[in-house]
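As stored in data.pdb (PDB, C-alpha atoms, pLDDT in the B column):
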```pdb
MODEL        1
ATOM      1  CA  GLN A   1    -109.215-110.752  20.196  1.00 49.00           C
ATOM      2  CA  LYS A   2    -111.259-107.601  20.841  1.00 51.00           C
ATOM      3  CA  LEU A   3    -112.718-109.109  24.003  1.00 51.00           C
ATOM      4  CA  LEU A   4    -109.194-109.910  25.268  1.00 51.00           C
ATOM      5  CA  ASN A   5    -108.112-106.335  24.531  1.00 50.00           C
ATOM      6  CA  VAL A   6    -111.007-104.853  26.443  1.00 49.00           C
ATOM      7  CA  THR A   7    -110.847-107.156  29.471  1.00 49.00           C
ATOM      8  CA  GLY A   8    -107.105-107.743  29.664  1.00 54.00           C
ATOM      9  CA  GLY A   9    -105.076-106.099  32.401  1.00 53.00           C
ATOM     10  CA  ALA A  10    -101.390-105.953  33.205  1.00 51.00           C
ATOM     11  CA  GLY A  11    -100.001-109.400  33.855  1.00 55.00           C
ATOM     12  CA  GLU A  12     -96.648-110.081  35.475  1.00 52.00           C
ATOM     13  CA  GLU A  13     -95.146-111.017  32.109  1.00 56.00           C
ATOM     14  CA  ASP A  14     -96.384-107.742  30.579  1.00 53.00           C
ATOM     15  CA  ILE A  15     -95.098-105.218  33.078  1.00 50.00           C
ATOM     16  CA  TRP A  16     -91.549-104.965  31.683  1.00 49.00           C
ATOM     17  CA  ARG A  17     -92.908-104.522  28.185  1.00 52.00           C
ATOM     18  CA  ILE A  18     -94.680-101.312  29.069  1.00 51.00           C
ATOM     19  CA  PRO A  19     -93.016 -98.636  26.926  1.00 54.00           C
ATOM     20  CA  LEU A  20     -93.080 -96.143  29.793  1.00 49.00           C
ATOM     21  CA  LYS A  21     -90.664 -98.293  31.791  1.00 46.00           C
ATOM     22  CA  ARG A  22     -88.047 -97.899  29.081  1.00 49.00           C
ATOM     23  CA  HIS A  23     -88.055 -94.117  29.187  1.00 63.00           C
ATOM     24  CA  LEU A  24     -85.402 -92.698  31.444  1.00 63.00           C
ATOM     25  CA  ASP A  25     -87.215 -89.439  32.132  1.00 68.00           C
ATOM     26  CA  PHE A  26     -90.347 -91.229  33.325  1.00 72.00           C
ATOM     27  CA  TYR A  27     -88.339 -93.615  35.486  1.00 73.00           C
ATOM     28  CA  GLN A  28     -86.271 -90.817  37.032  1.00 76.00           C
ATOM     29  CA  MET A  29     -89.199 -88.510  37.738  1.00 80.00           C
ATOM     30  CA  LEU A  30     -91.245 -91.359  39.177  1.00 79.00           C
ATOM     31  CA  HIS A  31     -88.499 -92.181  41.678  1.00 82.00           C
ATOM     32  CA  LEU A  32     -87.005 -88.755  42.380  1.00 87.00           C
ATOM     33  CA  LEU A  33     -90.042 -86.526  42.800  1.00 89.00           C
ATOM     34  CA  ASN A  34     -92.107 -87.069  45.924  1.00 88.00           C
ATOM     35  CA  GLU A  35     -95.597 -88.557  45.905  1.00 88.00           C
ATOM     36  CA  GLN A  36     -97.339 -85.205  46.208  1.00 89.00           C
ATOM     37  CA  TYR A  37     -96.913 -84.620  42.461  1.00 91.00           C
ATOM     38  CA  ALA A  38     -99.309 -86.058  39.901  1.00 90.00           C
ATOM     39  CA  MET A  39     -97.366 -87.201  36.845  1.00 89.00           C
ATOM     40  CA  PHE A  40     -98.737 -87.165  33.309  1.00 89.00           C
ATOM     41  CA  TYR A  41     -96.470 -88.987  30.881  1.00 84.00           C
ATOM     42  CA  ARG A  42     -97.191 -88.716  27.163  1.00 80.00           C
ATOM     43  CA  ALA A  43    -100.829 -87.872  27.841  1.00 86.00           C
ATOM     44  CA  VAL A  44    -103.021 -87.694  24.736  1.00 87.00           C
ATOM     45  CA  ILE A  45    -105.732 -85.055  24.767  1.00 86.00           C
ATOM     46  CA  GLN A  46    -108.683 -84.620  22.451  1.00 79.00           C
ATOM     47  CA  TYR A  47    -107.993 -81.134  21.100  1.00 77.00           C
ATOM     48  CA  GLN A  48    -110.102 -79.369  18.462  1.00 77.00           C
ATOM     49  CA  VAL A  49    -110.557 -81.988  15.695  1.00 74.00           C
ATOM     50  CA  GLY A  50    -107.852 -84.496  16.647  1.00 79.00           C
ATOM     51  CA  GLU A  51    -105.745 -86.103  19.318  1.00 83.00           C
ATOM     52  CA  VAL A  52    -102.517 -84.432  20.500  1.00 86.00           C
ATOM     53  CA  GLU A  53     -99.742 -86.053  22.539  1.00 86.00           C
ATOM     54  CA  LEU A  54     -98.411 -83.708  25.206  1.00 90.00           C
ATOM     55  CA  SER A  55     -94.938 -83.366  26.672  1.00 90.00           C
ATOM     56  CA  PRO A  56     -94.547 -84.978  30.119  1.00 90.00           C
ATOM     57  CA  PHE A  57     -95.719 -82.741  32.967  1.00 92.00           C
ATOM     58  CA  VAL A  58     -96.353 -82.912  36.687  1.00 93.00           C
ATOM     59  CA  VAL A  59     -99.099 -81.152  38.618  1.00 93.00           C
ATOM     60  CA  GLY A  60     -97.920 -79.886  41.992  1.00 92.00           C
ATOM     61  CA  PRO A  61     -99.723 -78.086  44.801  1.00 91.00           C
ATOM     62  CA  SER A  62     -98.699 -74.664  43.509  1.00 90.00           C
ATOM     63  CA  ALA A  63     -97.714 -75.089  39.834  1.00 94.00           C
ATOM     64  CA  ILE A  64     -97.703 -77.290  36.751  1.00 95.00           C
ATOM     65  CA  TYR A  65     -94.227 -78.177  35.466  1.00 95.00           C
ATOM     66  CA  ILE A  66     -93.916 -79.189  31.822  1.00 95.00           C
ATOM     67  CA  MET A  67     -90.636 -81.063  31.371  1.00 92.00           C
ATOM     68  CA  GLU A  68     -88.311 -82.071  28.591  1.00 91.00           C
ATOM     69  CA  TRP A  69     -85.579 -84.529  29.566  1.00 89.00           C
ATOM     70  CA  LEU A  70     -82.284 -84.449  27.646  1.00 88.00           C
ATOM     71  CA  ASP A  71     -80.415 -87.646  28.445  1.00 82.00           C
ATOM     72  CA  GLY A  72     -77.057 -87.143  26.713  1.00 81.00           C
ATOM     73  CA  ASP A  73     -74.181 -88.159  28.993  1.00 82.00           C
ATOM     74  CA  GLU A  74     -71.839 -85.178  29.459  1.00 87.00           C
ATOM     75  CA  SER A  75     -73.343 -83.568  26.354  1.00 90.00           C
ATOM     76  CA  ILE A  76     -73.271 -79.833  25.779  1.00 92.00           C
ATOM     77  CA  TYR A  77     -76.510 -78.414  24.368  1.00 93.00           C
ATOM     78  CA  HIS A  78     -76.164 -75.313  22.204  1.00 91.00           C
ATOM     79  CA  ILE A  79     -79.414 -73.386  22.674  1.00 89.00           C
ATOM     80  CA  ARG A  80     -80.864 -71.702  19.606  1.00 85.00           C
ATOM     81  CA  ARG A  81     -84.125 -70.017  18.765  1.00 83.00           C
ATOM     82  CA  ASP A  82     -84.280 -72.089  15.574  1.00 85.00           C
ATOM     83  CA  LYS A  83     -86.180 -75.354  15.102  1.00 90.00           C
ATOM     84  CA  LEU A  84     -83.032 -77.365  15.776  1.00 90.00           C
ATOM     85  CA  TRP A  85     -80.454 -77.317  18.566  1.00 92.00           C
ATOM     86  CA  ARG A  86     -76.939 -78.740  18.404  1.00 90.00           C
ATOM     87  CA  GLU A  87     -75.942 -81.461  20.868  1.00 91.00           C
ATOM     88  CA  GLN A  88     -72.217 -82.091  21.349  1.00 90.00           C
ATOM     89  CA  PRO A  89     -71.694 -85.430  23.125  1.00 88.00           C
ATOM     90  CA  PHE A  90     -68.505 -85.911  25.137  1.00 84.00           C
ATOM     91  CA  LYS A  91     -67.022 -88.673  22.979  1.00 81.00           C
ATOM     92  CA  ALA A  92     -68.989 -88.532  19.739  1.00 83.00           C
ATOM     93  CA  SER A  93     -69.691 -86.238  16.838  1.00 88.00           C
ATOM     94  CA  ALA A  94     -72.232 -83.439  17.145  1.00 87.00           C
ATOM     95  CA  LYS A  95     -75.834 -84.015  16.149  1.00 89.00           C
ATOM     96  CA  GLN A  96     -78.950 -81.916  15.761  1.00 90.00           C
ATOM     97  CA  ILE A  97     -81.964 -82.336  18.027  1.00 89.00           C
ATOM     98  CA  LEU A  98     -85.403 -80.770  17.893  1.00 90.00           C
ATOM     99  CA  ASN A  99     -85.703 -77.588  19.948  1.00 92.00           C
ATOM    100  CA  PRO A 100     -87.448 -78.800  23.143  1.00 92.00           C
ATOM    101  CA  ASN A 101     -89.166 -75.443  23.602  1.00 93.00           C
ATOM    102  CA  ILE A 102     -91.442 -76.220  20.658  1.00 92.00           C
ATOM    103  CA  GLY A 103     -93.123 -79.178  22.390  1.00 92.00           C
ATOM    104  CA  LEU A 104     -93.154 -77.424  25.762  1.00 94.00           C
ATOM    105  CA  LYS A 105     -94.872 -74.334  24.346  1.00 94.00           C
ATOM    106  CA  ARG A 106     -97.453 -76.432  22.502  1.00 93.00           C
ATOM    107  CA  THR A 107     -98.232 -78.394  25.680  1.00 93.00           C
ATOM    108  CA  GLU A 108     -98.516 -75.167  27.693  1.00 94.00           C
ATOM    109  CA  ASP A 109    -100.923 -73.634  25.175  1.00 93.00           C
ATOM    110  CA  ILE A 110    -103.142 -76.745  25.124  1.00 92.00           C
ATOM    111  CA  LEU A 111    -103.199 -77.016  28.937  1.00 93.00           C
ATOM    112  CA  ARG A 112    -104.242 -73.372  29.230  1.00 92.00           C
ATOM    113  CA  VAL A 113    -107.147 -73.980  26.835  1.00 90.00           C
ATOM    114  CA  VAL A 114    -108.182 -77.246  28.512  1.00 89.00           C
ATOM    115  CA  LEU A 115    -108.043 -75.852  32.049  1.00 91.00           C
ATOM    116  CA  GLY A 116    -109.603 -72.486  31.241  1.00 89.00           C
ATOM    117  CA  ARG A 117    -110.030 -69.727  33.810  1.00 85.00           C
ATOM    118  CA  ASP A 118    -111.531 -71.899  36.537  1.00 83.00           C
ATOM    119  CA  TYR A 119    -108.398 -74.003  37.056  1.00 85.00           C
ATOM    120  CA  VAL A 120    -105.593 -71.466  37.128  1.00 83.00           C
ATOM    121  CA  LEU A 121    -102.191 -72.774  38.249  1.00 88.00           C
ATOM    122  CA  PRO A 122     -98.887 -71.223  37.144  1.00 92.00           C
ATOM    123  CA  ILE A 123     -97.282 -73.240  34.342  1.00 94.00           C
ATOM    124  CA  GLU A 124     -93.496 -73.503  34.204  1.00 95.00           C
ATOM    125  CA  ARG A 125     -91.491 -74.958  31.319  1.00 96.00           C
ATOM    126  CA  VAL A 126     -88.403 -76.917  32.410  1.00 95.00           C
ATOM    127  CA  ILE A 127     -85.633 -78.420  30.285  1.00 94.00           C
ATOM    128  CA  LEU A 128     -83.573 -80.927  32.244  1.00 93.00           C
ATOM    129  CA  ALA A 129     -80.077 -82.129  31.379  1.00 91.00           C
ATOM    130  CA  PRO A 130     -79.135 -84.054  34.553  1.00 90.00           C
ATOM    131  CA  SER A 131     -76.003 -85.440  32.898  1.00 89.00           C
ATOM    132  CA  GLY A 132     -75.219 -82.538  30.577  1.00 92.00           C
ATOM    133  CA  TYR A 133     -74.719 -78.784  30.242  1.00 93.00           C
ATOM    134  CA  PHE A 134     -76.226 -75.822  28.406  1.00 93.00           C
ATOM    135  CA  ASP A 135     -74.301 -73.303  26.348  1.00 90.00           C
ATOM    136  CA  GLN A 136     -75.477 -69.670  26.251  1.00 83.00           C
ATOM    137  CA  ILE A 137     -78.757 -69.747  28.148  1.00 86.00           C
ATOM    138  CA  PRO A 138     -80.839 -66.763  26.947  1.00 84.00           C
ATOM    139  CA  LYS A 139     -81.000 -63.894  29.439  1.00 83.00           C
ATOM    140  CA  GLU A 140     -84.663 -63.284  28.686  1.00 81.00           C
ATOM    141  CA  THR A 141     -86.421 -66.616  28.845  1.00 85.00           C
ATOM    142  CA  THR A 142     -89.574 -68.101  30.329  1.00 87.00           C
ATOM    143  CA  THR A 143     -87.997 -71.565  30.416  1.00 92.00           C
ATOM    144  CA  THR A 144     -85.999 -72.980  33.334  1.00 94.00           C
ATOM    145  CA  TYR A 145     -82.790 -74.749  32.271  1.00 95.00           C
ATOM    146  CA  VAL A 146     -81.401 -77.316  34.742  1.00 94.00           C
ATOM    147  CA  ASN A 147     -77.968 -78.801  34.066  1.00 94.00           C
ATOM    148  CA  LYS A 148     -75.887 -81.478  35.800  1.00 93.00           C
ATOM    149  CA  VAL A 149     -74.574 -79.104  38.465  1.00 94.00           C
ATOM    150  CA  GLU A 150     -77.977 -77.602  39.301  1.00 95.00           C
ATOM    151  CA  PHE A 151     -80.040 -80.798  39.098  1.00 94.00           C
ATOM    152  CA  PRO A 152     -79.685 -81.993  42.751  1.00 94.00           C
ATOM    153  CA  ASN A 153     -80.644 -78.546  44.128  1.00 96.00           C
ATOM    154  CA  TRP A 154     -83.540 -78.218  41.684  1.00 95.00           C
ATOM    155  CA  LEU A 155     -84.838 -81.624  42.751  1.00 93.00           C
ATOM    156  CA  GLN A 156     -84.553 -80.701  46.423  1.00 94.00           C
ATOM    157  CA  ARG A 157     -86.461 -77.440  45.832  1.00 94.00           C
ATOM    158  CA  MET A 158     -89.180 -79.277  43.912  1.00 93.00           C
ATOM    159  CA  ASN A 159     -89.745 -81.800  46.693  1.00 93.00           C
ATOM    160  CA  ALA A 160     -89.605 -79.117  49.407  1.00 93.00           C
ATOM    161  CA  SER A 161     -92.261 -77.062  47.573  1.00 90.00           C
ATOM    162  CA  ALA A 162     -94.709 -79.985  47.609  1.00 89.00           C
ATOM    163  CA  PRO A 163     -95.017 -81.096  51.252  1.00 87.00           C
ATOM    164  CA  HIS A 164     -98.640 -82.192  50.806  1.00 88.00           C
ATOM    165  CA  THR A 165    -101.340 -82.596  48.185  1.00 85.00           C
ATOM    166  CA  LYS A 166    -103.978 -79.876  47.861  1.00 89.00           C
ATOM    167  CA  ALA A 167    -107.623 -80.319  46.963  1.00 89.00           C
ATOM    168  CA  PHE A 168    -107.352 -77.775  44.129  1.00 90.00           C
ATOM    169  CA  GLN A 169    -104.402 -79.712  42.700  1.00 92.00           C
ATOM    170  CA  MET A 170    -106.576 -82.833  42.524  1.00 91.00           C
ATOM    171  CA  ARG A 171    -109.381 -80.881  40.842  1.00 92.00           C
ATOM    172  CA  VAL A 172    -106.904 -79.743  38.182  1.00 92.00           C
ATOM    173  CA  CYS A 173    -105.817 -83.362  37.667  1.00 91.00           C
ATOM    174  CA  GLU A 174    -109.448 -84.464  37.414  1.00 91.00           C
ATOM    175  CA  LYS A 175    -110.132 -81.823  34.760  1.00 90.00           C
ATOM    176  CA  ILE A 176    -107.093 -82.928  32.708  1.00 90.00           C
ATOM    177  CA  LEU A 177    -108.004 -86.616  33.042  1.00 89.00           C
ATOM    178  CA  LYS A 178    -111.509 -85.914  31.732  1.00 87.00           C
ATOM    179  CA  GLU A 179    -109.957 -84.500  28.570  1.00 85.00           C
ATOM    180  CA  THR A 180    -107.456 -87.313  28.004  1.00 85.00           C
ATOM    181  CA  VAL A 181    -108.011 -90.141  25.571  1.00 73.00           C
ATOM    182  CA  SER A 182    -107.809 -93.628  27.042  1.00 67.00           C
ATOM    183  CA  ILE A 183    -107.375 -97.100  25.565  1.00 61.00           C
ATOM    184  CA  PRO A 184    -107.279-100.495  27.296  1.00 57.00           C
ATOM    185  CA  PHE A 185    -103.889-101.497  28.701  1.00 55.00           C
ATOM    186  CA  GLN A 186    -103.540-104.704  26.651  1.00 60.00           C
ATOM    187  CA  MET A 187    -104.325-102.810  23.444  1.00 59.00           C
ATOM    188  CA  ALA A 188    -101.550-100.309  24.226  1.00 59.00           C
ATOM    189  CA  ILE A 189     -99.030-103.119  24.673  1.00 59.00           C
ATOM    190  CA  LEU A 190    -100.053-104.808  21.415  1.00 65.00           C
ATOM    191  CA  SER A 191     -99.895-101.460  19.611  1.00 63.00           C
ATOM    192  CA  GLU A 192     -96.362-100.908  20.919  1.00 58.00           C
ATOM    193  CA  GLY A 193     -95.359-104.393  19.764  1.00 57.00           C
ATOM    194  CA  GLN A 194     -96.787-103.774  16.280  1.00 57.00           C
ATOM    195  CA  SER A 195     -94.912-100.481  15.922  1.00 54.00           C
ATOM    196  CA  ARG A 196     -91.624-102.216  16.818  1.00 49.00           C
ATOM    197  CA  ILE A 197     -92.267-104.945  14.220  1.00 50.00           C
ATOM    198  CA  GLN A 198     -92.850-102.303  11.545  1.00 49.00           C
ATOM    199  CA  GLU A 199     -89.599-100.525  12.476  1.00 47.00           C
TER     200      GLU A 199
ENDMDL
END
```

structure tokens encoding of this file:
Amino acid sequence: QKLLNVTGGAGEEDIWRIPLKRHLDFYQMLHLLNEQYAMFYRAVIQYQVGEVELSPFVVGPSAIYIMEWLDGDESIYHIRRDKLWREQPFKASAKQILNPNIGLKRTEDILRVVLGRDYVLPIERVILAPSGYFDQIPKETTTTYVNKVEFPNWLQRMNASAPHTKAFQMRVCEKILKETVSIPFQMAILSEGQSRIQE
């Protein structure tokens, strides 16, 4: 079993079982952003004494964009400084969601430590609601909020700002990849299957 885990690759029957394929944000970013961006989706980094899963982010030629994707259809997101936000779906009762800024800030802090002074790229936090809206965006904020109306223009600006890949961008990616934790592909699939059985 261990030998199969180590040597096994992605077979045709496995590809649709990859958990990443089921995540809308990964699928959308993979197909909407141009190929000049390097995408890191749920990267796990060895940090201090343990392993930490980061928010999805993309490394562009001139900046790193850490993203949180809110996929509620026609939902209104009530922004708060608290731990929880309120999401009001169009045809359902309101629910509380974790403040996305918490994960974005943690990922930003870890990336700054991992990259250090030698790999300085601006880091921008982005919360995307391509099918929803935000209520009361703070006037003083370091986070970019992109709603349904702004999403097409934001996407166009992102692709226009990355016409080609830069050597420094690839060095930043190499540095991040050296810090990430990796496991064999087949083991990741089996782990995902086990977690679904336990649920």

#### Entry: Explicit residues for the PyMOL selection byres ((chain A and resi 178) around 12) (as number ranges by chain)
A: 43-46, 114-115, 171-177, 179-182

Export of the given selection (C-alpha atoms) as a short mmCIF file (atom, residue, chain, number, x, y, z; two decimals), in the frame of the given file:
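Below is the file that was written, out_3.cif:
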```
data_model
loop_
_atom_site.label_atom_id
_atom_site.label_comp_id
_atom_site.auth_asym_id
_atom_site.auth_seq_id
_atom_site.Cartn_x
_atom_site.Cartn_y
_atom_site.Cartn_z
CA ALA A 43 -100.83 -87.87 27.84
CA VAL A 44 -103.02 -87.69 24.74
CA ILE A 45 -105.73 -85.06 24.77
CA GLN A 46 -108.68 -84.62 22.45
CA VAL A 114 -108.18 -77.25 28.51
CA LEU A 115 -108.04 -75.85 32.05
CA ARG A 171 -109.38 -80.88 40.84
CA VAL A 172 -106.90 -79.74 38.18
CA CYS A 173 -105.82 -83.36 37.67
CA GLU A 174 -109.45 -84.46 37.41
CA LYS A 175 -110.13 -81.82 34.76
CA ILE A 176 -107.09 -82.93 32.71
CA LEU A 177 -108.00 -86.62 33.04
CA GLU A 179 -109.96 -84.50 28.57
CA THR A 180 -107.46 -87.31 28.00
CA VAL A 181 -108.01 -90.14 25.57
CA SER A 182 -107.81 -93.63 27.04
#
```

### Query
Using only C-alpha atoms, which residues sit within 7 Å of segment 59-73 of chain A once same-chain residues fewer than 2 positions away are excluded, as a list in words?
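Within the cut-off, the hits are Asp25, Gln36, Tyr37, Ala38, Met39, Ser55, Pro56, Phe57, Ser75, Pro89, Pro100, Leu104, Leu121, Pro122, Ile123, Glu124, Arg125, Val126, Ile127, Leu128, Ala129, Ser131, Gly132, Ala162, Thr165, Lys166 and Gln169 of chain A.
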
### Query
Using all atoms listed in the file, which residue out of A:Lys148, A:Thr142, A:Met29, A:Asn34 lies closest to His164 of chain A?
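Among the listed residues, the smallest separation from His164 of chain A belongs to A:Asn34.
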
### Query
Could you pull the residues within 10 Å of Ile102 of chain A, counting all atoms listed in the file, minus those fewer than 2 positions along the same chain, as number ranges by chain?
A: 55, 81-84, 98-100, 104-107

### Task
Name the residues captured by the PyMOL selection byres ((chain A and resi 76) around 8) when it is applied to the shown file; answer as a ChimeraX atom specification.
/A:74-75,77-78,87-90,132-135

### Task
Grab the atom CA of Leu32 of chain A to atom CA of Thr144 of chain A distance for me, in Å with one decimal place.
18.2 Å

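Using all atoms listed in the file, the smallest distance between any of A:Arg42, A:Ser93, A:Phe168, A:Asn147 and Val120 of chain A comes from A:Phe168.
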
Around all the atoms of segment 75-93 of chain A listed in the file, draw an axis-aligned box and extend it by 8 Å on each of the six sides; I want its centre and edge lengths in Å to one decimal, as JSON.
```
{"center_x": -76.6, "center_y": -79.3, "center_z": 20.7, "size_x": 35.2, "size_y": 34.7, "size_z": 27.3}
```

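With all atoms listed in the file as the atoms that count, the residue of A:Asp118, A:Ile97, A:Pro130, A:Lys139 with the shortest distance to Phe151 of chain A is A:Pro130.
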
### Two-atom distance - atom CA of Phe26 of chain A, atom CA of Asp109 of chain A (Å)
22.1 Å

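Across the structure, atom CA of Thr141 of chain A and atom CA of Leu33 of chain A are spaced 24.6 Å apart.
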
### Query
Looking at all atoms listed in the file, which of A:Leu54, A:Ile137, A:Gln28, A:Glu35 is the one that sits closest to Ala160 of chain A?
A:Glu35

Final N, CA and C atoms of segment 119-135 of chain A as a CSV table (one decimal), keeping the file's coordinate frame:
```
chain,number,residue,atom,x,y,z
A,119,TYR,N,-109.4,-73.1,36.5
A,119,TYR,CA,-108.4,-74.0,37.1
A,119,TYR,C,-107.0,-73.4,36.9
A,120,VAL,N,-106.8,-72.2,37.4
A,120,VAL,CA,-105.6,-71.5,37.1
A,120,VAL,C,-104.5,-71.9,38.1
A,121,LEU,N,-103.4,-72.5,37.5
A,121,LEU,CA,-102.2,-72.8,38.2
A,121,LEU,C,-101.1,-72.2,37.4
A,122,PRO,N,-100.0,-71.7,38.0
A,122,PRO,CA,-98.9,-71.2,37.1
A,122,PRO,C,-98.3,-72.4,36.4
A,123,ILE,N,-97.9,-72.2,35.2
A,123,ILE,CA,-97.3,-73.2,34.3
A,123,ILE,C,-95.8,-72.9,34.1
A,124,GLU,N,-94.9,-73.8,34.4
A,124,GLU,CA,-93.5,-73.5,34.2
A,124,GLU,C,-92.9,-74.5,33.3
A,125,ARG,N,-92.2,-74.1,32.3
A,125,ARG,CA,-91.5,-75.0,31.3
A,125,ARG,C,-90.1,-75.2,31.8
A,126,VAL,N,-89.7,-76.5,31.9
A,126,VAL,CA,-88.4,-76.9,32.4
A,126,VAL,C,-87.7,-77.8,31.4
A,127,ILE,N,-86.5,-77.5,31.1
A,127,ILE,CA,-85.6,-78.4,30.3
A,127,ILE,C,-84.5,-79.0,31.2
A,128,LEU,N,-84.5,-80.3,31.3
A,128,LEU,CA,-83.6,-80.9,32.2
A,128,LEU,C,-82.5,-81.6,31.5
A,129,ALA,N,-81.2,-81.4,31.9
A,129,ALA,CA,-80.1,-82.1,31.4
A,129,ALA,C,-79.3,-82.6,32.6
A,130,PRO,N,-79.8,-83.6,33.3
A,130,PRO,CA,-79.1,-84.1,34.6
A,130,PRO,C,-77.7,-84.6,34.4
A,131,SER,N,-77.4,-84.9,33.1
A,131,SER,CA,-76.0,-85.4,32.9
A,131,SER,C,-75.3,-84.6,31.9
A,132,GLY,N,-75.8,-83.4,31.6
A,132,GLY,CA,-75.2,-82.5,30.6
A,132,GLY,C,-75.2,-81.1,31.0
A,133,TYR,N,-74.9,-80.2,30.0
A,133,TYR,CA,-74.7,-78.8,30.2
A,133,TYR,C,-75.3,-78.0,29.1
A,134,PHE,N,-75.7,-76.7,29.4
A,134,PHE,CA,-76.2,-75.8,28.4
A,134,PHE,C,-75.2,-74.7,28.1
A,135,ASP,N,-75.2,-74.4,26.8
A,135,ASP,CA,-74.3,-73.3,26.3
A,135,ASP,C,-75.1,-72.1,26.0
```
